[in-house]
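Worksheet for the structure shown next.
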Amino acid sequence: MLIINIGMPRSGTLWRYKLIRDLVIAGGGKDGLEIRNNYFLKPFIALPNADLNTLKFKRLFPASLPSFLGETYVLNTHAGPSNLAKKLIKQGRLKAIYGFRDPRDCILSMLEYSRRALPQYSNEFLSLKTLQDAINYMQQYIGIWNEWTKLEGIIAVKYEEMLENYHLSVETISNYLNLDLRHEDLDKILKTYLPQTKPEKGVKIHFQHGQANRFRELFNPEELEQINSTYRNILLRMGYDV
């Protein structure tokens, strides 16, 4: 079984990916990086987190082949669903977990990230100099949210709900993946990725703040209105207050 973790940028994608990866490994699956190496998939699955930068046929097809041989593993992406991905979901050969967050917090995080222009960071957000830049950039991921959440056979996980109801969210994910986990394995994983907890040495989950609704404190009223005027209907559809 191929499992794909999809995330809106700055929505805890890496945190969720590593949590799901460890759950799957504990349930008898394999690390996507192990699959990458064992099946000669380095041209298709990227480092450092078994990443697929697109789910188009040229990437997804070779990356999915080990699943047809009985392997179960997790890959990671921010991309929208392709025709092949939709087909595999309908056939029951692909499980997808889509994670999203209030776009206003995503925009805030992207702007904060763009100001930390250090060598160890990705340059993905470094071109975002203004609030309007970030609003424009976010538009494509609003479209991707819309595409994923219209599909049957996937689950959508809210970042804020994972923070507030962490154990329930993990249970929902485990049930969706039909994982049979030993209590001690599950307990260790839960503790490793528990929100607001400093991870053990060597475990990096990319939690910069791990808080919801920071945008309400850090954007001024004019900035909030600038975002809300663009995303008002989408925010309401996502279940967020405007």
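Chain identifiers are assigned as A, B, and so on, following the order in which chains appear in the structure tokens; residues are numbered from 1 within each chain, and ligands are numbered from 1 in order of appearance.
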
Can you pull out the residues contacting region 131-139 of chain A? Cut-off 12 Å, using only C-alpha atoms, and skip same-chain residues under 6 positions away; I want them as a JSON list (two decimals) with N, CA and C atoms, in the first residue's frame.
[["chain", "number", "residue", "atom", "x", "y", "z"],
["A", 8, "MET", "N", -0.56, 21.47, 3.20],
["A", 8, "MET", "CA", -0.49, 22.89, 2.87],
["A", 8, "MET", "C", 0.81, 23.43, 3.46],
["A", 9, "PRO", "N", 1.54, 24.28, 2.76],
["A", 9, "PRO", "CA", 2.80, 24.80, 3.31],
["A", 9, "PRO", "C", 2.62, 25.44, 4.68],
["A", 10, "ARG", "N", 3.54, 25.13, 5.58],
["A", 10, "ARG", "CA", 3.57, 25.65, 6.95],
["A", 10, "ARG", "C", 2.35, 25.20, 7.76],
["A", 101, "ARG", "N", -4.25, 24.04, 7.38],
["A", 101, "ARG", "CA", -4.21, 24.96, 8.51],
["A", 101, "ARG", "C", -4.88, 26.26, 8.10],
["A", 102, "ASP", "N", -5.29, 27.05, 9.05],
["A", 102, "ASP", "CA", -5.83, 28.37, 8.73],
["A", 102, "ASP", "C", -4.82, 29.09, 7.83],
["A", 103, "PRO", "N", -5.21, 29.46, 6.60],
["A", 103, "PRO", "CA", -4.27, 30.10, 5.68],
["A", 103, "PRO", "C", -3.61, 31.36, 6.25],
["A", 104, "ARG", "N", -4.27, 32.03, 7.18],
["A", 104, "ARG", "CA", -3.68, 33.23, 7.78],
["A", 104, "ARG", "C", -2.47, 32.90, 8.62],
["A", 105, "ASP", "N", -2.51, 31.76, 9.32],
["A", 105, "ASP", "CA", -1.33, 31.32, 10.06],
["A", 105, "ASP", "C", -0.25, 30.82, 9.11],
["A", 106, "CYS", "N", -0.65, 30.19, 8.01],
["A", 106, "CYS", "CA", 0.32, 29.74, 7.01],
["A", 106, "CYS", "C", 1.06, 30.94, 6.42],
["A", 107, "ILE", "N", 0.32, 31.99, 6.09],
["A", 107, "ILE", "CA", 0.91, 33.20, 5.52],
["A", 107, "ILE", "C", 1.87, 33.84, 6.51],
["A", 108, "LEU", "N", 1.45, 33.94, 7.78],
["A", 108, "LEU", "CA", 2.32, 34.50, 8.81],
["A", 108, "LEU", "C", 3.61, 33.69, 8.91],
["A", 109, "SER", "N", 3.49, 32.37, 8.94],
["A", 109, "SER", "CA", 4.66, 31.51, 9.08],
["A", 109, "SER", "C", 5.59, 31.64, 7.87],
["A", 110, "MET", "N", 5.01, 31.74, 6.66],
["A", 110, "MET", "CA", 5.83, 31.91, 5.47],
["A", 110, "MET", "C", 6.62, 33.21, 5.51],
["A", 111, "LEU", "N", 5.97, 34.28, 5.95],
["A", 111, "LEU", "CA", 6.66, 35.56, 6.03],
["A", 111, "LEU", "C", 7.76, 35.53, 7.09],
["A", 112, "GLU", "N", 7.49, 34.90, 8.23],
["A", 112, "GLU", "CA", 8.52, 34.76, 9.26],
["A", 112, "GLU", "C", 9.68, 33.93, 8.73],
["A", 113, "TYR", "N", 9.36, 32.87, 8.02],
["A", 113, "TYR", "CA", 10.37, 31.98, 7.45],
["A", 113, "TYR", "C", 11.23, 32.74, 6.44],
["A", 114, "SER", "N", 10.60, 33.61, 5.64],
["A", 114, "SER", "CA", 11.34, 34.33, 4.60],
["A", 114, "SER", "C", 12.37, 35.28, 5.19],
["A", 124, "GLU", "N", 12.48, 28.36, -0.59],
["A", 124, "GLU", "CA", 11.14, 28.37, -1.18],
["A", 124, "GLU", "C", 10.39, 29.66, -0.90],
["A", 125, "PHE", "N", 10.51, 30.21, 0.30],
["A", 125, "PHE", "CA", 9.72, 31.37, 0.68],
["A", 125, "PHE", "C", 10.53, 32.67, 0.68],
["A", 145, "TRP", "N", -6.04, 22.57, -1.81],
["A", 145, "TRP", "CA", -6.95, 22.18, -0.72],
["A", 145, "TRP", "C", -8.31, 21.79, -1.29],
["A", 146, "ASN", "N", -8.81, 22.60, -2.20],
["A", 146, "ASN", "CA", -10.12, 22.36, -2.78],
["A", 146, "ASN", "C", -10.15, 21.04, -3.55],
["A", 219, "PHE", "N", -0.74, 40.12, 13.15],
["A", 219, "PHE", "CA", -1.17, 40.97, 12.04],
["A", 219, "PHE", "C", -2.01, 42.12, 12.60],
["A", 220, "ASN", "N", -1.82, 43.32, 12.05],
["A", 220, "ASN", "CA", -2.66, 44.43, 12.49],
["A", 220, "ASN", "C", -4.01, 44.38, 11.77],
["A", 222, "GLU", "N", -5.51, 46.18, 9.58],
["A", 222, "GLU", "CA", -5.47, 46.40, 8.13],
["A", 222, "GLU", "C", -4.94, 45.17, 7.40],
["A", 223, "GLU", "N", -3.93, 44.54, 7.97],
["A", 223, "GLU", "CA", -3.37, 43.34, 7.35],
["A", 223, "GLU", "C", -4.36, 42.19, 7.37],
["A", 224, "LEU", "N", -5.06, 42.05, 8.49],
["A", 224, "LEU", "CA", -6.08, 41.00, 8.58],
["A", 224, "LEU", "C", -7.18, 41.21, 7.55],
["A", 225, "GLU", "N", -7.60, 42.44, 7.38],
["A", 225, "GLU", "CA", -8.64, 42.71, 6.39],
["A", 225, "GLU", "C", -8.14, 42.45, 4.98],
["A", 226, "GLN", "N", -6.86, 42.71, 4.73],
["A", 226, "GLN", "CA", -6.27, 42.44, 3.42],
["A", 226, "GLN", "C", -6.35, 40.95, 3.09],
["A", 227, "ILE", "N", -6.07, 40.11, 4.09],
["A", 227, "ILE", "CA", -6.15, 38.66, 3.87],
["A", 227, "ILE", "C", -7.61, 38.21, 3.80],
["A", 228, "ASN", "N", -8.41, 38.67, 4.76],
["A", 228, "ASN", "CA", -9.81, 38.23, 4.83],
["A", 228, "ASN", "C", -10.60, 38.60, 3.58],
["A", 229, "SER", "N", -10.29, 39.75, 3.00],
["A", 229, "SER", "CA", -11.02, 40.17, 1.81],
["A", 229, "SER", "C", -10.75, 39.23, 0.64],
["A", 230, "THR", "N", -9.59, 38.59, 0.64],
["A", 230, "THR", "CA", -9.25, 37.63, -0.42],
["A", 230, "THR", "C", -9.83, 36.25, -0.14],
["A", 231, "TYR", "N", -9.78, 35.83, 1.12],
["A", 231, "TYR", "CA", -10.07, 34.43, 1.45],
["A", 231, "TYR", "C", -11.34, 34.22, 2.27],
["A", 234, "ILE", "N", -13.46, 31.15, 1.42],
["A", 234, "ILE", "CA", -12.67, 29.92, 1.62],
["A", 234, "ILE", "C", -12.50, 29.63, 3.11]]

Exercise. Just list the residues in region 27-231 of chain A DSSP gives alpha helix (DSSP H) on the backbone, as a PyMOL selection string.
Key: chain A and resi 32-38+57-68+83-90+103-114+131-149+159-164+166-176+183-192+215-218+221-231

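Across the model, the gap from CA of Arg16 (chain A) to CA of Phe57 (chain A) is 24.7 Å.
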
Exercise. Please provide as a PyMOL selection string all residues within 12 Å of Val24 (chain A), with the sequence filter that same-chain residues fewer than 2 positions apart are discarded (counting only C-alpha atoms).
Key: chain A and resi 1-5+17-22+26-32+71-75+170+173-182+185-186+189

Now that the selection is made, can you save its residues with N, CA and C atoms as an mmCIF file, in the first residue's frame?
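Saved file again03.cif follows:
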data_model
loop_
_atom_site.group_PDB
_atom_site.id
_atom_site.type_symbol
_atom_site.label_atom_id
_atom_site.label_comp_id
_atom_site.auth_asym_id
_atom_site.auth_seq_id
_atom_site.Cartn_x
_atom_site.Cartn_y
_atom_site.Cartn_z
ATOM 1 N N MET A 1 0.840 -1.194 0.000
ATOM 2 C CA MET A 1 0.000 0.000 0.000
ATOM 3 C C MET A 1 0.880 1.250 0.000
ATOM 4 N N LEU A 2 0.605 2.152 -0.903
ATOM 5 C CA LEU A 2 1.273 3.444 -0.912
ATOM 6 C C LEU A 2 0.422 4.434 -0.125
ATOM 7 N N ILE A 3 1.067 5.138 0.787
ATOM 8 C CA ILE A 3 0.411 6.148 1.614
ATOM 9 C C ILE A 3 1.109 7.475 1.341
ATOM 10 N N ILE A 4 0.328 8.507 1.070
ATOM 11 C CA ILE A 4 0.920 9.813 0.810
ATOM 12 C C ILE A 4 0.402 10.828 1.816
ATOM 13 N N ASN A 5 1.329 11.510 2.459
ATOM 14 C CA ASN A 5 1.007 12.623 3.342
ATOM 15 C C ASN A 5 1.135 13.906 2.531
ATOM 16 N N TYR A 17 4.040 14.010 8.665
ATOM 17 C CA TYR A 17 4.694 12.968 7.874
ATOM 18 C C TYR A 17 5.477 12.006 8.762
ATOM 19 N N LYS A 18 6.286 12.551 9.664
ATOM 20 C CA LYS A 18 7.119 11.682 10.503
ATOM 21 C C LYS A 18 6.268 10.856 11.471
ATOM 22 N N LEU A 19 5.206 11.448 11.964
ATOM 23 C CA LEU A 19 4.274 10.711 12.812
ATOM 24 C C LEU A 19 3.667 9.535 12.040
ATOM 25 N N ILE A 20 3.149 9.808 10.837
ATOM 26 C CA ILE A 20 2.530 8.749 10.031
ATOM 27 C C ILE A 20 3.564 7.708 9.628
ATOM 28 N N ARG A 21 4.732 8.153 9.232
ATOM 29 C CA ARG A 21 5.796 7.216 8.861
ATOM 30 C C ARG A 21 6.108 6.252 9.993
ATOM 31 N N ASP A 22 6.247 6.779 11.212
ATOM 32 C CA ASP A 22 6.582 5.915 12.348
ATOM 33 C C ASP A 22 5.430 4.980 12.697
ATOM 34 N N ALA A 26 5.835 0.942 12.539
ATOM 35 C CA ALA A 26 5.473 0.138 13.708
ATOM 36 C C ALA A 26 4.409 -0.894 13.362
ATOM 37 N N GLY A 27 3.607 -0.596 12.335
ATOM 38 C CA GLY A 27 2.568 -1.526 11.901
ATOM 39 C C GLY A 27 3.053 -2.542 10.874
ATOM 40 N N GLY A 28 4.357 -2.557 10.602
ATOM 41 C CA GLY A 28 4.916 -3.547 9.689
ATOM 42 C C GLY A 28 5.341 -3.015 8.339
ATOM 43 N N GLY A 29 5.157 -1.707 8.111
ATOM 44 C CA GLY A 29 5.567 -1.113 6.848
ATOM 45 C C GLY A 29 7.036 -0.722 6.860
ATOM 46 N N LYS A 30 7.433 0.033 5.841
ATOM 47 C CA LYS A 30 8.829 0.437 5.713
ATOM 48 C C LYS A 30 8.950 1.944 5.571
ATOM 49 N N ASP A 31 10.140 2.427 5.826
ATOM 50 C CA ASP A 31 10.465 3.831 5.632
ATOM 51 C C ASP A 31 10.521 4.103 4.126
ATOM 52 N N GLY A 32 9.933 5.221 3.700
ATOM 53 C CA GLY A 32 9.972 5.573 2.285
ATOM 54 C C GLY A 32 11.384 5.725 1.756
ATOM 55 N N GLU A 71 4.702 -3.869 -0.779
ATOM 56 C CA GLU A 71 5.320 -2.973 0.197
ATOM 57 C C GLU A 71 4.323 -1.915 0.670
ATOM 58 N N THR A 72 4.463 -1.519 1.936
ATOM 59 C CA THR A 72 3.671 -0.434 2.501
ATOM 60 C C THR A 72 4.631 0.636 3.004
ATOM 61 N N TYR A 73 4.427 1.875 2.584
ATOM 62 C CA TYR A 73 5.371 2.944 2.911
ATOM 63 C C TYR A 73 4.697 4.293 2.700
ATOM 64 N N VAL A 74 5.321 5.338 3.266
ATOM 65 C CA VAL A 74 4.757 6.683 3.234
ATOM 66 C C VAL A 74 5.670 7.618 2.454
ATOM 67 N N LEU A 75 5.076 8.391 1.554
ATOM 68 C CA LEU A 75 5.787 9.455 0.856
ATOM 69 C C LEU A 75 5.137 10.790 1.209
ATOM 70 N N VAL A 170 -4.570 11.095 16.011
ATOM 71 C CA VAL A 170 -3.717 9.937 15.726
ATOM 72 C C VAL A 170 -4.560 8.671 15.594
ATOM 73 N N ILE A 173 -6.187 8.706 12.162
ATOM 74 C CA ILE A 173 -5.216 8.342 11.128
ATOM 75 C C ILE A 173 -4.927 6.851 11.157
ATOM 76 N N SER A 174 -4.712 6.301 12.339
ATOM 77 C CA SER A 174 -4.403 4.863 12.476
ATOM 78 C C SER A 174 -5.556 4.006 11.972
ATOM 79 N N ASN A 175 -6.783 4.403 12.291
ATOM 80 C CA ASN A 175 -7.950 3.651 11.829
ATOM 81 C C ASN A 175 -8.084 3.716 10.307
ATOM 82 N N TYR A 176 -7.837 4.892 9.748
ATOM 83 C CA TYR A 176 -7.915 5.054 8.293
ATOM 84 C C TYR A 176 -6.902 4.146 7.590
ATOM 85 N N LEU A 177 -5.731 3.998 8.194
ATOM 86 C CA LEU A 177 -4.675 3.176 7.597
ATOM 87 C C LEU A 177 -4.771 1.706 8.002
ATOM 88 N N ASN A 178 -5.764 1.380 8.825
ATOM 89 C CA ASN A 178 -5.965 -0.001 9.289
ATOM 90 C C ASN A 178 -4.717 -0.561 9.966
ATOM 91 N N LEU A 179 -4.123 0.252 10.827
ATOM 92 C CA LEU A 179 -2.893 -0.154 11.502
ATOM 93 C C LEU A 179 -3.204 -0.902 12.788
ATOM 94 N N ASP A 180 -2.518 -2.006 12.976
ATOM 95 C CA ASP A 180 -2.628 -2.793 14.206
ATOM 96 C C ASP A 180 -1.327 -2.608 14.970
ATOM 97 N N LEU A 181 -1.357 -1.755 15.979
ATOM 98 C CA LEU A 181 -0.135 -1.373 16.673
ATOM 99 C C LEU A 181 -0.105 -1.915 18.094
ATOM 100 N N ARG A 182 1.068 -2.343 18.519
ATOM 101 C CA ARG A 182 1.241 -2.723 19.919
ATOM 102 C C ARG A 182 1.158 -1.475 20.784
ATOM 103 N N ASP A 185 4.433 0.431 21.296
ATOM 104 C CA ASP A 185 4.899 1.150 20.112
ATOM 105 C C ASP A 185 4.115 2.439 19.921
ATOM 106 N N LEU A 186 2.790 2.334 20.042
ATOM 107 C CA LEU A 186 1.944 3.500 19.875
ATOM 108 C C LEU A 186 2.252 4.545 20.941
ATOM 109 N N ILE A 189 5.454 6.444 20.097
ATOM 110 C CA ILE A 189 5.263 7.373 18.979
ATOM 111 C C ILE A 189 4.464 8.589 19.419
#

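Relative to CA of Leu235 (chain A), CA of Leu84 (chain A) is found at 29.0 Å.
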
Quiz item: So which residues touch His78 (chain A) within 9 Å, counting only C-alpha atoms, skipping near sequence neighbours fewer than 4 positions away, as a VMD selection string?
Solution: chain A and resid 5 to 9 13 51 to 54 141 144

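Using only C-alpha atoms, the shortest contact distance between Asn76 (chain A) and any of A:Val157, A:Phe215, A:Ile97, A:Trp148 is found at A:Ile97.
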
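Among the candidate residues A:Ala85, A:Leu47, A:Lys188, A:Gln196, the one lying nearest to Phe61 (chain A) is A:Ala85, with distances computed using only C-alpha atoms.
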
Quiz item: Tell me, which residues of region 8-242 of chain A carry DSSP strand (DSSP E), written as a ChimeraX atom specification?
Solution: /A:73-77,94-100,155-158

Quiz prompt | Shell around Phe44 (chain A) at 8 Å using only C-alpha atoms, local window under 5 positions removed, as a list in words | solution = Leu52, Arg59, Leu60, Pro62 and Ala63 of chain A

Export of the given selection (N, CA and C atoms) as a short mmCIF file (atom, residue, chain, number, x, y, z; two decimals), in the first residue's frame:
data_model
loop_
_atom_site.label_atom_id
_atom_site.label_comp_id
_atom_site.auth_asym_id
_atom_site.auth_seq_id
_atom_site.Cartn_x
_atom_site.Cartn_y
_atom_site.Cartn_z
N LEU A 52 7.88 13.74 -2.90
CA LEU A 52 7.48 13.78 -4.30
C LEU A 52 7.07 15.22 -4.60
N ARG A 59 6.41 10.81 -11.97
CA ARG A 59 6.96 10.59 -10.63
C ARG A 59 6.17 9.54 -9.86
N LEU A 60 4.86 9.69 -9.88
CA LEU A 60 4.04 8.82 -9.05
C LEU A 60 4.07 7.38 -9.52
N PRO A 62 6.49 5.40 -11.06
CA PRO A 62 7.61 4.60 -10.55
C PRO A 62 7.63 4.53 -9.02
N ALA A 63 7.24 5.64 -8.36
CA ALA A 63 7.26 5.65 -6.89
C ALA A 63 6.23 4.70 -6.30
#
